[in-house]
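J.: Below is entry-v1.cif; it holds mmCIF, C-alpha atoms and all ligand atoms.
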```cif
data_work
#
loop_
_atom_site.label_atom_id
_atom_site.label_comp_id
_atom_site.auth_asym_id
_atom_site.auth_seq_id
_atom_site.Cartn_x
_atom_site.Cartn_y
_atom_site.Cartn_z
CA MET R 1 -89.40 -9.83 28.74
CA SER R 2 -89.85 -13.51 28.04
CA ARG R 3 -86.93 -15.90 27.86
CA PRO R 4 -85.75 -17.02 24.41
CA GLU R 5 -86.10 -20.64 25.54
CA GLN R 6 -89.84 -20.11 25.88
CA LEU R 7 -90.32 -18.56 22.47
CA ALA R 8 -89.07 -21.17 20.04
CA PRO R 9 -86.54 -24.01 19.63
CA PRO R 10 -82.95 -22.68 19.54
CA GLU R 11 -82.39 -23.30 15.84
CA VAL R 12 -85.57 -21.36 15.11
CA PHE R 13 -84.99 -18.58 17.62
CA TYR R 14 -81.41 -18.01 16.43
CA ASN R 15 -82.31 -17.38 12.79
CA ASP R 16 -80.31 -15.18 10.44
CA SER R 17 -81.55 -11.86 11.76
CA GLU R 18 -81.35 -12.81 15.45
CA SER R 19 -77.84 -14.27 14.93
CA PHE R 20 -76.71 -11.06 13.31
CA LYS R 21 -78.33 -8.88 15.95
CA TYR R 22 -76.88 -11.00 18.77
CA THR R 23 -73.36 -11.18 17.39
CA SER R 24 -72.99 -7.54 16.41
CA SER R 25 -74.25 -6.11 19.68
CA THR R 26 -71.30 -4.70 21.61
CA ARG R 27 -73.28 -5.17 24.81
CA VAL R 28 -73.71 -8.89 24.11
CA GLN R 29 -70.07 -9.22 23.04
CA HIS R 30 -68.96 -7.65 26.27
CA ILE R 31 -71.14 -9.80 28.52
CA GLN R 32 -70.24 -13.05 26.74
CA ALA R 33 -66.54 -12.18 26.88
CA LYS R 34 -66.75 -11.42 30.57
CA MET R 35 -68.52 -14.69 31.35
CA THR R 36 -66.10 -16.68 29.20
CA LEU R 37 -63.15 -15.20 31.09
CA ARG R 38 -64.88 -16.03 34.35
CA ALA R 39 -65.44 -19.61 33.15
CA LEU R 40 -61.74 -19.86 32.32
CA GLU R 41 -60.87 -18.53 35.73
CA LEU R 42 -63.02 -21.24 37.30
CA LEU R 43 -61.44 -23.92 35.08
CA ASN R 44 -58.08 -22.92 36.51
CA LEU R 45 -56.02 -24.55 33.73
CA GLU R 46 -52.23 -24.63 33.91
CA VAL R 47 -50.94 -21.30 32.63
CA ASP R 48 -49.14 -21.16 29.30
CA SER R 49 -49.47 -24.80 28.37
CA PRO R 50 -51.57 -25.94 25.42
CA HIS R 51 -55.16 -27.03 25.94
CA PHE R 52 -57.75 -28.40 23.57
CA ILE R 53 -61.19 -27.15 24.56
CA LEU R 54 -64.77 -27.92 23.56
CA ASP R 55 -67.25 -25.02 23.46
CA LEU R 56 -70.83 -26.30 23.75
CA GLY R 57 -73.46 -24.06 22.24
CA CYS R 58 -70.65 -22.01 20.72
CA GLY R 59 -73.04 -19.90 18.63
CA SER R 60 -71.23 -17.43 16.39
CA GLY R 61 -68.01 -17.84 18.35
CA LEU R 62 -68.12 -14.92 20.79
CA SER R 63 -67.01 -17.24 23.58
CA GLY R 64 -64.60 -19.03 21.23
CA GLU R 65 -62.89 -15.81 20.23
CA ILE R 66 -61.96 -15.31 23.87
CA LEU R 67 -60.56 -18.86 23.97
CA THR R 68 -58.42 -17.99 20.94
CA GLU R 69 -57.25 -14.74 22.51
CA GLU R 70 -56.26 -16.62 25.62
CA GLY R 71 -54.17 -18.98 23.51
CA TYR R 72 -56.44 -22.05 23.48
CA ASN R 73 -57.40 -24.25 20.55
CA TRP R 74 -61.03 -25.22 20.45
CA ILE R 75 -63.91 -26.96 18.70
CA GLY R 76 -67.45 -25.62 18.88
CA MET R 77 -70.84 -27.32 18.63
CA ASP R 78 -74.11 -25.51 18.02
CA ILE R 79 -77.59 -26.38 16.82
CA SER R 80 -78.24 -23.13 14.94
CA PRO R 81 -77.03 -23.00 11.31
CA SER R 82 -77.38 -19.22 11.29
CA MET R 83 -75.21 -18.73 14.35
CA LEU R 84 -72.53 -21.00 12.86
CA ALA R 85 -72.68 -19.24 9.50
CA THR R 86 -72.13 -15.96 11.33
CA GLY R 87 -69.13 -17.60 13.00
CA ILE R 88 -67.71 -18.69 9.63
CA ASP R 89 -68.15 -15.13 8.35
CA ARG R 90 -66.22 -13.88 11.34
CA ASP R 91 -63.41 -16.30 10.51
CA VAL R 92 -63.24 -17.85 13.97
CA GLU R 93 -60.29 -20.18 14.63
CA GLY R 94 -62.18 -23.16 16.03
CA ASP R 95 -63.83 -25.87 13.94
CA LEU R 96 -67.61 -25.54 14.06
CA PHE R 97 -70.03 -28.48 14.16
CA LEU R 98 -73.73 -28.25 13.48
CA SER R 99 -75.05 -30.54 16.16
CA ASP R 100 -77.50 -30.89 18.98
CA MET R 101 -75.67 -31.38 22.27
CA GLY R 102 -78.77 -33.17 23.57
CA ASN R 103 -77.89 -35.98 21.16
CA GLY R 104 -74.45 -36.28 22.64
CA VAL R 105 -70.89 -35.13 22.23
CA HIS R 106 -69.58 -37.07 19.21
CA PHE R 107 -65.87 -37.10 19.95
CA ARG R 108 -63.84 -40.07 20.99
CA ALA R 109 -62.79 -40.71 24.57
CA GLY R 110 -60.26 -38.32 26.05
CA THR R 111 -60.33 -35.83 23.17
CA PHE R 112 -60.57 -32.64 25.23
CA ASP R 113 -58.57 -31.18 28.09
CA ALA R 114 -61.57 -29.14 29.19
CA ALA R 115 -64.99 -27.90 28.06
CA ILE R 116 -66.97 -24.73 28.49
CA SER R 117 -70.48 -23.64 27.69
CA ILE R 118 -71.64 -20.04 27.87
CA SER R 119 -75.37 -19.28 28.05
CA ALA R 120 -76.51 -22.51 26.41
CA VAL R 121 -77.20 -25.55 28.60
CA GLN R 122 -80.51 -24.21 29.95
CA TRP R 123 -81.87 -25.08 26.51
CA LEU R 124 -81.50 -28.75 27.44
CA CYS R 125 -84.32 -28.34 29.94
CA ASN R 126 -86.84 -27.72 27.17
CA ALA R 127 -89.02 -30.19 25.38
CA ASP R 128 -89.68 -28.55 22.04
CA SER R 129 -91.88 -31.36 20.83
CA SER R 130 -93.91 -34.04 22.52
CA ASN R 131 -91.50 -36.89 21.76
CA VAL R 132 -88.58 -35.13 23.43
CA ASP R 133 -87.51 -36.19 26.90
CA PRO R 134 -85.28 -33.51 28.48
CA LYS R 135 -84.08 -35.89 31.21
CA LYS R 136 -82.87 -38.36 28.63
CA ARG R 137 -81.18 -35.63 26.60
CA MET R 138 -79.40 -34.20 29.63
CA LEU R 139 -78.11 -37.61 30.57
CA ARG R 140 -76.94 -38.37 27.05
CA PHE R 141 -75.25 -34.97 27.03
CA PHE R 142 -73.38 -35.37 30.31
CA ASN R 143 -72.48 -39.02 29.73
CA SER R 144 -70.94 -38.38 26.34
CA LEU R 145 -69.28 -35.16 27.51
CA TYR R 146 -67.71 -37.04 30.41
CA ALA R 147 -66.29 -39.61 28.01
CA SER R 148 -64.93 -37.00 25.60
CA LEU R 149 -62.92 -35.30 28.37
CA LYS R 150 -59.56 -36.58 29.51
CA ARG R 151 -59.60 -38.05 33.02
CA GLY R 152 -59.67 -35.13 35.41
CA GLY R 153 -60.88 -32.85 32.62
CA LYS R 154 -63.09 -30.01 33.76
CA PHE R 155 -66.31 -28.49 32.46
CA VAL R 156 -67.57 -25.04 33.39
CA ALA R 157 -70.96 -23.91 32.13
CA GLN R 158 -72.52 -20.52 32.68
CA PHE R 159 -76.26 -20.93 32.23
CA TYR R 160 -79.59 -19.20 32.80
CA PRO R 161 -81.89 -21.53 34.71
CA MET R 162 -85.55 -20.58 34.67
CA ASN R 163 -85.99 -21.94 38.20
CA ASP R 164 -84.32 -24.08 40.86
CA ILE R 165 -85.78 -27.25 39.43
CA GLN R 166 -83.89 -26.77 36.18
CA THR R 167 -80.65 -26.22 38.05
CA GLU R 168 -81.27 -29.29 40.13
CA ASN R 169 -82.10 -31.43 37.10
CA LEU R 170 -78.97 -30.38 35.29
CA LEU R 171 -76.72 -30.94 38.30
CA ASN R 172 -78.37 -34.28 38.95
CA ALA R 173 -77.77 -35.49 35.42
CA ALA R 174 -74.14 -34.38 35.69
CA LYS R 175 -73.77 -36.31 38.90
CA VAL R 176 -75.35 -39.45 37.48
CA ALA R 177 -72.88 -39.23 34.58
CA GLY R 178 -70.05 -39.27 37.10
CA PHE R 179 -69.08 -35.62 37.34
CA GLY R 180 -68.03 -34.14 40.65
CA GLY R 181 -68.36 -30.47 41.52
CA GLY R 182 -71.25 -28.11 41.96
CA LEU R 183 -72.73 -24.70 41.49
CA ILE R 184 -71.15 -21.28 41.85
CA ILE R 185 -73.31 -18.19 41.93
CA ASP R 186 -71.70 -14.83 41.21
CA ASP R 187 -73.40 -11.68 42.49
CA PRO R 188 -76.12 -13.69 44.25
CA GLU R 189 -77.64 -10.52 45.71
CA SER R 190 -78.16 -8.81 42.38
CA LYS R 191 -81.20 -9.78 40.41
CA ARG R 192 -79.71 -8.40 37.19
CA HIS R 193 -76.10 -9.53 37.50
CA LYS R 194 -76.57 -12.84 39.26
CA LYS R 195 -74.78 -15.53 37.24
CA TYR R 196 -74.87 -19.32 37.56
CA TYR R 197 -71.85 -21.50 36.80
CA MET R 198 -71.79 -25.27 36.91
CA VAL R 199 -68.24 -26.26 37.77
CA LEU R 200 -67.60 -29.95 37.16
CA THR R 201 -64.74 -32.41 37.09
CA ALA R 202 -64.64 -35.69 35.15
CA GLY R 203 -62.76 -37.85 37.63
CA GLN R 204 -59.82 -36.85 39.79
CA SER R 205 -57.96 -33.75 38.64
CA GLU R 206 -54.35 -32.87 39.42
CA ARG R 207 -55.37 -29.25 39.72
CA ASN R 208 -58.47 -28.26 41.57
CA ILE R 209 -61.03 -25.97 40.15
CA ASN R 210 -60.63 -22.39 41.24
CA LEU R 211 -63.09 -21.67 43.97
CA ALA R 212 -61.66 -18.26 44.82
CA GLY R 213 -64.46 -15.73 44.93
CA ALA R 214 -67.08 -18.39 45.44
CA GLU R 215 -69.47 -18.07 48.32
CA MET R 216 -67.78 -20.79 50.32
CA ASP R 217 -65.03 -21.13 52.86
CA ALA R 218 -61.99 -19.09 51.96
CA PRO R 219 -59.41 -21.21 50.15
CA GLU R 220 -56.29 -22.15 52.08
CA THR R 221 -53.22 -20.26 51.01
CA THR R 222 -49.83 -21.88 51.13
CA LYS R 223 -47.29 -19.82 52.99
CA LYS R 224 -44.11 -21.82 52.73
CA VAL R 225 -42.24 -20.96 49.54
CA ASN R 226 -40.03 -23.79 48.50
CA ARG R 227 -37.85 -24.49 45.49
CA LYS R 228 -40.49 -26.60 43.83
CA LEU R 229 -42.99 -23.82 44.12
CA LEU R 230 -40.55 -21.25 42.78
CA LYS R 231 -39.94 -23.50 39.81
CA LYS R 232 -43.65 -23.59 39.24
CA LEU R 233 -43.85 -19.84 39.40
CA GLU R 234 -41.18 -19.22 36.78
CA SER R 235 -42.71 -18.03 33.56
CA LYS R 236 -43.03 -20.22 30.51
CA LYS R 237 -40.37 -18.14 28.80
CA GLU R 238 -37.93 -18.55 31.67
CA PHE R 239 -38.67 -22.25 31.68
CA ILE R 240 -37.98 -22.66 27.97
CA ALA R 241 -34.79 -20.61 28.25
CA ARG R 242 -33.61 -22.72 31.19
CA LYS R 243 -34.44 -25.98 29.43
CA LYS R 244 -32.65 -24.81 26.30
CA GLU R 245 -29.56 -23.90 28.36
CA THR R 246 -29.51 -27.35 29.92
CA MET R 247 -29.80 -28.98 26.53
CA LYS R 248 -27.05 -26.77 25.08
CA ARG R 249 -24.77 -27.67 27.96
CA ARG R 250 -25.36 -31.28 27.07
CA GLY R 251 -24.16 -30.47 23.58
CA LYS R 252 -27.58 -30.76 21.94
CA LYS R 253 -28.84 -28.51 19.22
CA VAL R 254 -31.86 -26.50 20.29
CA ALA R 255 -34.28 -24.54 18.16
CA LEU R 256 -33.59 -20.84 17.72
CA ASP R 257 -35.77 -18.52 19.70
CA SER R 258 -38.50 -17.48 17.34
CA LYS R 259 -40.90 -14.65 17.72
CA PHE R 260 -43.37 -17.29 18.85
CA THR R 261 -41.20 -18.60 21.66
CA ALA R 262 -43.46 -18.26 24.65
CA ARG R 263 -45.41 -15.72 22.67
CA LYS R 264 -47.27 -13.37 24.89
CA ARG R 265 -50.99 -13.52 24.49
CA ARG R 266 -52.98 -10.51 23.61
CA PRO R 267 -53.75 -8.53 26.75
CA ARG R 268 -57.16 -8.93 28.26
CA PHE R 269 -59.37 -5.95 28.60
CA MET L 270 -62.80 -28.67 9.49
CA LYS L 271 -59.11 -29.17 10.20
CA PHE L 272 -57.48 -32.49 9.45
CA LEU L 273 -56.68 -32.66 13.16
CA THR L 274 -60.38 -32.88 13.99
CA THR L 275 -60.85 -36.02 11.88
CA ASN L 276 -58.77 -37.79 14.51
CA PHE L 277 -61.38 -37.13 17.18
CA VAL L 278 -64.83 -36.95 15.64
CA LYS L 279 -66.87 -40.13 15.55
CA CYS L 280 -70.37 -41.21 14.59
CA ALA L 281 -73.02 -39.46 16.71
CA ILE L 282 -75.57 -42.25 16.66
CA LYS L 283 -76.02 -43.89 20.00
CA THR L 284 -76.00 -47.45 18.73
CA CYS L 285 -72.53 -46.79 17.30
CA ASP L 286 -71.11 -45.71 20.69
CA SER L 287 -69.52 -49.04 21.38
CA SER L 288 -68.60 -49.93 17.81
CA LEU L 289 -64.93 -49.88 16.89
CA GLU L 290 -65.99 -49.11 13.33
CA ALA L 291 -67.53 -45.74 14.17
CA PHE L 292 -64.08 -44.11 14.26
CA PRO L 293 -62.48 -42.79 12.19
CA LEU L 294 -65.21 -41.85 9.78
CA GLN L 295 -64.58 -42.49 6.13
CA TYR L 296 -63.99 -39.38 4.05
CA SER L 297 -65.14 -39.12 0.49
CA GLU L 298 -65.60 -36.51 -2.24
CA CYS L 299 -63.75 -33.98 -0.10
CA GLU L 300 -62.60 -30.58 -1.19
CA LEU L 301 -59.51 -29.46 0.70
CA VAL L 302 -57.88 -26.10 1.27
CA GLN L 303 -54.41 -25.37 2.54
CA GLU L 304 -54.09 -22.16 4.51
CA GLU L 305 -51.15 -20.78 6.43
CA GLN L 306 -51.72 -20.77 10.19
CA GLU L 307 -49.61 -19.65 13.10
CA PHE L 308 -47.16 -22.42 14.03
CA ASN L 309 -47.54 -23.54 17.62
CA PRO L 310 -45.06 -26.39 18.20
CA GLU L 311 -46.14 -26.90 21.81
CA PHE L 312 -49.72 -27.45 20.73
CA ILE L 313 -48.72 -29.92 18.00
CA CYS L 314 -46.65 -31.83 20.50
CA HIS L 315 -49.49 -31.81 23.02
CA MET L 316 -51.92 -33.23 20.45
CA LEU L 317 -49.43 -35.72 19.04
CA ASP L 318 -49.64 -37.58 22.33
CA ARG L 319 -53.31 -38.32 21.91
CA LEU L 320 -53.39 -38.85 18.14
CA ASP L 321 -54.52 -42.22 16.93
CA TRP L 322 -51.86 -42.65 14.26
CA GLN L 323 -53.59 -45.49 12.46
CA ALA L 324 -56.60 -43.19 12.06
CA VAL L 325 -54.34 -40.40 10.78
CA ILE L 326 -53.04 -42.75 8.10
CA LYS L 327 -56.49 -44.04 7.22
CA VAL L 328 -58.02 -40.58 6.80
CA ALA L 329 -54.99 -39.25 4.93
CA LYS L 330 -55.42 -42.14 2.52
CA ASP L 331 -59.12 -41.31 2.05
CA LEU L 332 -57.97 -37.82 1.13
CA GLY L 333 -55.31 -39.02 -1.29
CA ASN L 334 -52.16 -38.80 0.83
CA THR L 335 -50.36 -42.13 1.14
CA SER L 336 -46.93 -40.83 2.06
CA LEU L 337 -47.23 -40.72 5.86
CA PRO L 338 -44.81 -42.71 8.01
CA PRO L 339 -46.34 -45.98 9.29
CA ASN L 340 -45.60 -45.14 12.93
CA LYS L 341 -46.25 -42.12 15.07
CA PRO L 342 -43.17 -39.85 15.30
CA GLU L 343 -41.49 -40.35 18.67
CA ASP L 344 -39.29 -38.31 20.99
CA ILE L 345 -40.58 -35.04 19.65
CA ASP L 346 -39.65 -32.03 21.75
CA PRO L 347 -40.69 -28.55 20.63
CA ILE L 348 -37.46 -27.00 21.91
CA MET L 349 -35.15 -29.30 19.96
CA GLU L 350 -33.78 -28.33 16.56
CA ASP L 351 -34.09 -31.82 15.10
CA SER L 352 -37.81 -31.94 15.97
CA GLN L 353 -38.63 -28.76 14.08
CA ALA L 354 -38.99 -30.27 10.61
CA ILE L 355 -41.37 -32.99 11.71
CA LEU L 356 -43.39 -30.55 13.84
CA ARG L 357 -43.68 -28.25 10.82
CA ASP L 358 -44.86 -31.16 8.67
CA LEU L 359 -47.41 -32.17 11.29
CA HIS L 360 -48.57 -28.56 11.55
CA THR L 361 -49.10 -28.42 7.79
CA LEU L 362 -51.07 -31.64 7.79
CA LEU L 363 -53.08 -31.27 10.99
CA VAL L 364 -53.76 -27.54 11.28
CA GLU L 365 -53.26 -26.02 7.84
CA THR L 366 -55.19 -28.64 5.88
CA ARG L 367 -58.95 -28.18 6.07
CA ILE L 368 -61.91 -29.96 4.55
CA VAL L 369 -64.42 -27.41 3.28
CA GLU L 370 -66.85 -29.68 1.44
CA GLY L 371 -67.38 -33.42 1.47
CA LYS L 372 -68.90 -36.47 3.07
CA MET L 373 -68.03 -38.40 6.21
CA ILE L 374 -69.44 -41.90 6.40
CA CYS L 375 -69.74 -44.14 9.43
CA ARG L 376 -68.22 -47.51 8.70
CA ASN L 377 -70.59 -49.13 11.17
CA CYS L 378 -74.05 -47.74 10.39
CA GLU L 379 -73.27 -46.12 7.03
CA HIS L 380 -74.81 -42.83 8.06
CA ILE L 381 -73.50 -39.99 5.91
CA TYR L 382 -72.52 -36.68 7.47
CA TYR L 383 -72.13 -33.81 5.02
CA ILE L 384 -69.59 -31.03 5.30
CA LYS L 385 -70.86 -27.82 3.73
CA ASN L 386 -69.20 -24.42 3.82
CA SER L 387 -66.63 -25.89 6.26
CA ILE L 388 -69.34 -26.99 8.71
CA PRO L 389 -69.95 -30.71 9.29
CA ASN L 390 -73.63 -31.41 9.86
CA PHE L 391 -74.12 -33.80 12.77
CA LEU L 392 -77.82 -33.18 13.29
CA LEU L 393 -79.61 -36.50 13.37
CA PRO L 394 -82.99 -37.36 11.89
CA PRO L 395 -85.54 -37.95 14.71
CA HIS L 396 -85.60 -41.73 14.27
CA LEU L 397 -81.86 -41.91 15.02
CA CYS L 398 -81.90 -39.68 18.12
C1 LIG R 401 -76.87 -17.17 23.96
S1 LIG R 401 -76.12 -18.16 22.70
C2 LIG R 401 -74.45 -18.26 23.27
C3 LIG R 401 -73.45 -18.49 22.18
C4 LIG R 401 -71.99 -18.40 22.59
N1 LIG R 401 -71.66 -19.42 23.59
C5 LIG R 401 -71.67 -17.02 23.10
O1 LIG R 401 -71.17 -16.91 24.23
O2 LIG R 401 -71.92 -16.04 22.41
C6 LIG R 401 -76.78 -19.77 23.04
C7 LIG R 401 -76.45 -20.79 21.97
O3 LIG R 401 -76.81 -22.10 22.40
C8 LIG R 401 -77.20 -22.83 21.26
N2 LIG R 401 -77.96 -24.03 21.64
C9 LIG R 401 -79.15 -24.10 22.23
N3 LIG R 401 -79.53 -25.39 22.37
C10 LIG R 401 -78.55 -26.15 21.83
C11 LIG R 401 -78.36 -27.56 21.66
N4 LIG R 401 -79.28 -28.43 22.06
N5 LIG R 401 -77.22 -27.98 21.09
C12 LIG R 401 -76.29 -27.09 20.66
N6 LIG R 401 -76.40 -25.77 20.80
C13 LIG R 401 -77.52 -25.29 21.37
C14 LIG R 401 -78.00 -21.82 20.46
O4 LIG R 401 -78.14 -22.19 19.13
C15 LIG R 401 -77.18 -20.55 20.67
O5 LIG R 401 -76.26 -20.36 19.63
ZN ZN R 402 -72.63 -44.90 12.96
#
```
Output the file's structure as structure tokens, nothing else.
T.:
Amino acid sequence: MSRPEQLAPPEVFYNDSESFKYTSSTRVQHIQAKMTLRALELLNLEVDSPHFILDLGCGSGLSGEILTEEGYNWIGMDISPSMLATGIDRDVEGDLFLSDMGNGVHFRAGTFDAAISISAVQWLCNADSSNVDPKKRMLRFFNSLYASLKRGGKFVAQFYPMNDIQTENLLNAAKVAGFGGGLIIDDPESKRHKKYYMVLTAGQSERNINLAGAEMDAPETTKKVNRKLLKKLESKKEFIARKKETMKRRGKKVALDSKFTARKRRPRF
Amino acid sequence: MKFLTTNFVKCAIKTCDSSLEAFPLQYSECELVQEEQEFNPEFICHMLDRLDWQAVIKVAKDLGNTSLPPNKPEDIDPIMEDSQAILRDLHTLLVETRIVEGKMICRNCEHIYYIKNSIPNFLLPPHLC
């Protein structure tokens, strides 16, 4: 089977019928959901606090729907009008932009807390016409993405490199743009299930990326449990309740608990 | 496209990267819809921090709303009763107001981006890539 990237430019390959076929396949839905959850795991964002996320190559919103389920707000960018139209039909929550990520991420500095991309950035390695320079496009992409993230913002991209050179070129461009981080390969032994994730940080982050499960040294676990840590471990709901109590004691009027107070997210599958 | 997004999107053309005029875009001939959305006060508060309030005012004016306060609301806390009204108002403006058709124009290079069927088109003609 040949790779879609070799058949036609993305906006041609993902036409109306392919977009429909792609989006309605339960197999595809399942795989994209699984990889999106894995990307979120690698991002390792603070639990239960709001995040504004960019989804690059969002397509019809299969990855975005997972972001919504996990409680995140997002914006998506994609080059295929058909994929985006399918997303609009599915009533996805995120705003959708028709744009070519190779021409840059057109959001002002510090817009996003984090970014993801599921099964899309390998397209940047292609030159679909003679006047296209993939190196230049990759650099424009990573430079503008870096700027659009808050300092310490993270980017995780699952992608399908055709060969090691593509991986190297992408990682190089990311590095030139100032990103730190590297590559994580899940199921490296399995030809069919092997998955590549670029895991990058735009400047120093307060929270590290989650390298658990990566083929590296085992992460250090902290053994000492102290008050600070316990405080961190209390749930969002407990935290809100505690904060409200403190405020009440100070004689302040706090908002009534609504059904959205620390609303539980839909369970994952 | 939500009103919120107008506070972040800028001209995509490289030569406008360093121009202070490339943000916010100018909105014209816009068709708006108002649609109830789940209220998430924590999210509103989170975004309020990074809003460029002058841009909020500018875009609201493009869209026919001139009644916004001149300064960004301060000391907003999602758990406090007296913040609820303002958070609700912000939610209505930022999340529940969407542009479904219209034009966005760069004040620097005058490029026009069209919004059709809720989707802003930021594809660039080859000579501007
Ligand atoms: C396999 S789909 C994945 C879509 C979505 N992330 C998901 O998980 O279902 C890959 C998407 O990347 C998009 N894409 C490819 N090249 C792109 C580019 N240069 N800019 C924006 N999107 C691009 C395609 O249009 C397609 O929708
Ligand atoms: Zn411009």
J.: Identify which of the residues L:Glu379, L:Glu304, L:Glu311, L:Asp358 lies closest to ligand ZN 402 (chain R), counting all atoms listed in the file when measuring atom-to-atom distances.
T.: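 Among the listed residues, the smallest separation from ligand ZN 402 (chain R) belongs to L:Glu379.
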J.: As a list in words, could you give me every residue of chain R near chain L (at most 7 Å apart, counting all atoms listed in the file)?
T.: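 The contacting residues on chain R are Pro50, Asp95, Leu96, Phe97, Leu98, Ser99, Asp100, Asn103, Gly104, His106, Phe107, Arg108, Thr111, Lys244, Lys253, Val254 and Ala255 of chain R.
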J.: What gap, in Å, lies between CA of His51 in chain R and CA of Ala147 in chain R?
T.: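 A separation of 16.9 Å between them.
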J.: Find, counting all atoms listed in the file, the residue in L:Pro338, L:His380, L:Val369, L:Ala354 that gets nearest to ligand ZN 402 (chain R).
T.: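 Looking at the shortest contact to ligand ZN 402 (chain R), the residue is L:His380.
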J.: Determine, counting all atoms listed in the file, which protein, DNA and RNA residues have an atom within 12 Å of an atom of Ile31 in chain R; residues of the same chain fewer than 4 positions away are not included. Present the result as a PyMOL selection string.
T.: chain R and resi 22-23+25-27+35-38+62-63+66+118-119+158+193+195
J.: Next, write the just-selected residues to a file, as an mmCIF file, keeping the file's coordinate frame, keeping C-alpha atoms as the atom set.
T.:
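Resulting contents of out-v3.cif:
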```cif
data_model
loop_
_atom_site.group_PDB
_atom_site.id
_atom_site.type_symbol
_atom_site.label_atom_id
_atom_site.label_comp_id
_atom_site.auth_asym_id
_atom_site.auth_seq_id
_atom_site.Cartn_x
_atom_site.Cartn_y
_atom_site.Cartn_z
ATOM 1 C CA TYR R 22 -76.880 -11.000 18.770
ATOM 2 C CA THR R 23 -73.360 -11.180 17.390
ATOM 3 C CA SER R 25 -74.250 -6.110 19.680
ATOM 4 C CA THR R 26 -71.300 -4.700 21.610
ATOM 5 C CA ARG R 27 -73.280 -5.170 24.810
ATOM 6 C CA MET R 35 -68.520 -14.690 31.350
ATOM 7 C CA THR R 36 -66.100 -16.680 29.200
ATOM 8 C CA LEU R 37 -63.150 -15.200 31.090
ATOM 9 C CA ARG R 38 -64.880 -16.030 34.350
ATOM 10 C CA LEU R 62 -68.120 -14.920 20.790
ATOM 11 C CA SER R 63 -67.010 -17.240 23.580
ATOM 12 C CA ILE R 66 -61.960 -15.310 23.870
ATOM 13 C CA ILE R 118 -71.640 -20.040 27.870
ATOM 14 C CA SER R 119 -75.370 -19.280 28.050
ATOM 15 C CA GLN R 158 -72.520 -20.520 32.680
ATOM 16 C CA HIS R 193 -76.100 -9.530 37.500
ATOM 17 C CA LYS R 195 -74.780 -15.530 37.240
#
```
J.: Please determine, counting only C-alpha atoms and all ligand atoms, which residue among L:Phe272, L:Leu289, L:Glu365, L:Trp322 has the shortest atom-to-atom distance to ligand ZN 402 (chain R).
T.: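 So, comparing all the options, the nearest one is L:Leu289.
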J.: Would you be able to write out as a list in words which residues have an atom within 12 Å of (-82.4, -25.8, 38.9) in the file's coordinates, counting all atoms listed in the file?
T.: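 The distance filter leaves exactly Val121, Gln122, Leu124, Cys125, Phe159, Tyr160, Pro161, Met162, Asn163, Asp164, Ile165, Gln166, Thr167, Glu168, Asn169, Leu170, Leu171, Asn172, Ala173, Gly182, Leu183, Tyr196, Tyr197 and Met198 of chain R.
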J.: So which one's closest to ligand LIG 401 (chain R), R:Ala127, R:Leu7, R:Leu40, R:Cys58? Using all atoms listed in the file, please.
T.: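 Smallest distance to ligand LIG 401 (chain R) is found for R:Cys58.
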J.: Specify the axis-aligned box that encloses all atoms of range 306-324 of chain L listed in the file after padding of 4 Å on each side, stating its centre and edge lengths in Å to one decimal as JSON.
T.:
```
{"center_x": -50.8, "center_y": -32.6, "center_z": 16.6, "size_x": 19.5, "size_y": 33.8, "size_z": 20.8}
```
J.: To one decimal place, how far is CA of Ile374 in chain L from CA of Gln295 in chain L in Å?
T.: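 Interatomic distance, CA of Ile374 in chain L to CA of Gln295 in chain L: 4.9 Å.
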J.: Given the choices L:Gly333, L:Asn377, L:Lys385, L:Ser297, which gets closest to ligand ZN 402 (chain R) if the distance is worked out from all atoms listed in the file?
T.: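 Of L:Gly333, L:Asn377, L:Lys385, L:Ser297, the one nearest ligand ZN 402 (chain R), counting all atoms listed in the file, is L:Asn377.
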J.: Calculate how many Å separate CA of Ile75 in chain R from CA of Ala115 in chain R, rounding to one decimal.
T.: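 The value is 9.5 Å.
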J.: I'd like the contact shell of Lys154 in chain R - 6 Å cut-off, all atoms listed in the file, skipping same-chain residues fewer than 4 positions apart - returned as a list in words.
T.: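 Final neighbour list, sorted by chain and number: Ala114, Leu200 and Thr201 of chain R.
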J.: Can you pull out every residue within 10 Å of range 174-180 of chain R, counting all atoms listed in the file, but drop anything in the same chain fewer than 6 positions away, and send it as a ChimeraX atom specification?
T.: /R:138-147,152-155,168,198-204
J.: Can we get range 367-381 of chain L of that structure written down with C-alpha atoms, as a compact mmCIF listing (two decimals), in the first residue's frame?
T.:
```txt
# COMPACT_ATOMS: atom_id res chain seq x y z
CA ARG L 367 -19.47 33.56 16.50
CA ILE L 368 -18.72 34.99 13.08
CA VAL L 369 -20.11 32.69 10.40
CA GLU L 370 -19.55 34.82 7.30
CA GLY L 371 -17.46 37.89 6.66
CA LYS L 372 -14.12 39.44 5.84
CA MET L 373 -10.99 39.97 7.90
CA ILE L 374 -8.58 42.54 6.54
CA CYS L 375 -4.95 43.08 7.49
CA ARG L 376 -4.38 46.70 8.37
CA ASN L 377 -0.77 46.41 7.24
CA CYS L 378 -0.86 44.65 3.86
CA GLU L 379 -4.60 44.91 3.17
CA HIS L 380 -4.89 41.23 2.40
CA ILE L 381 -8.48 40.05 2.78
```
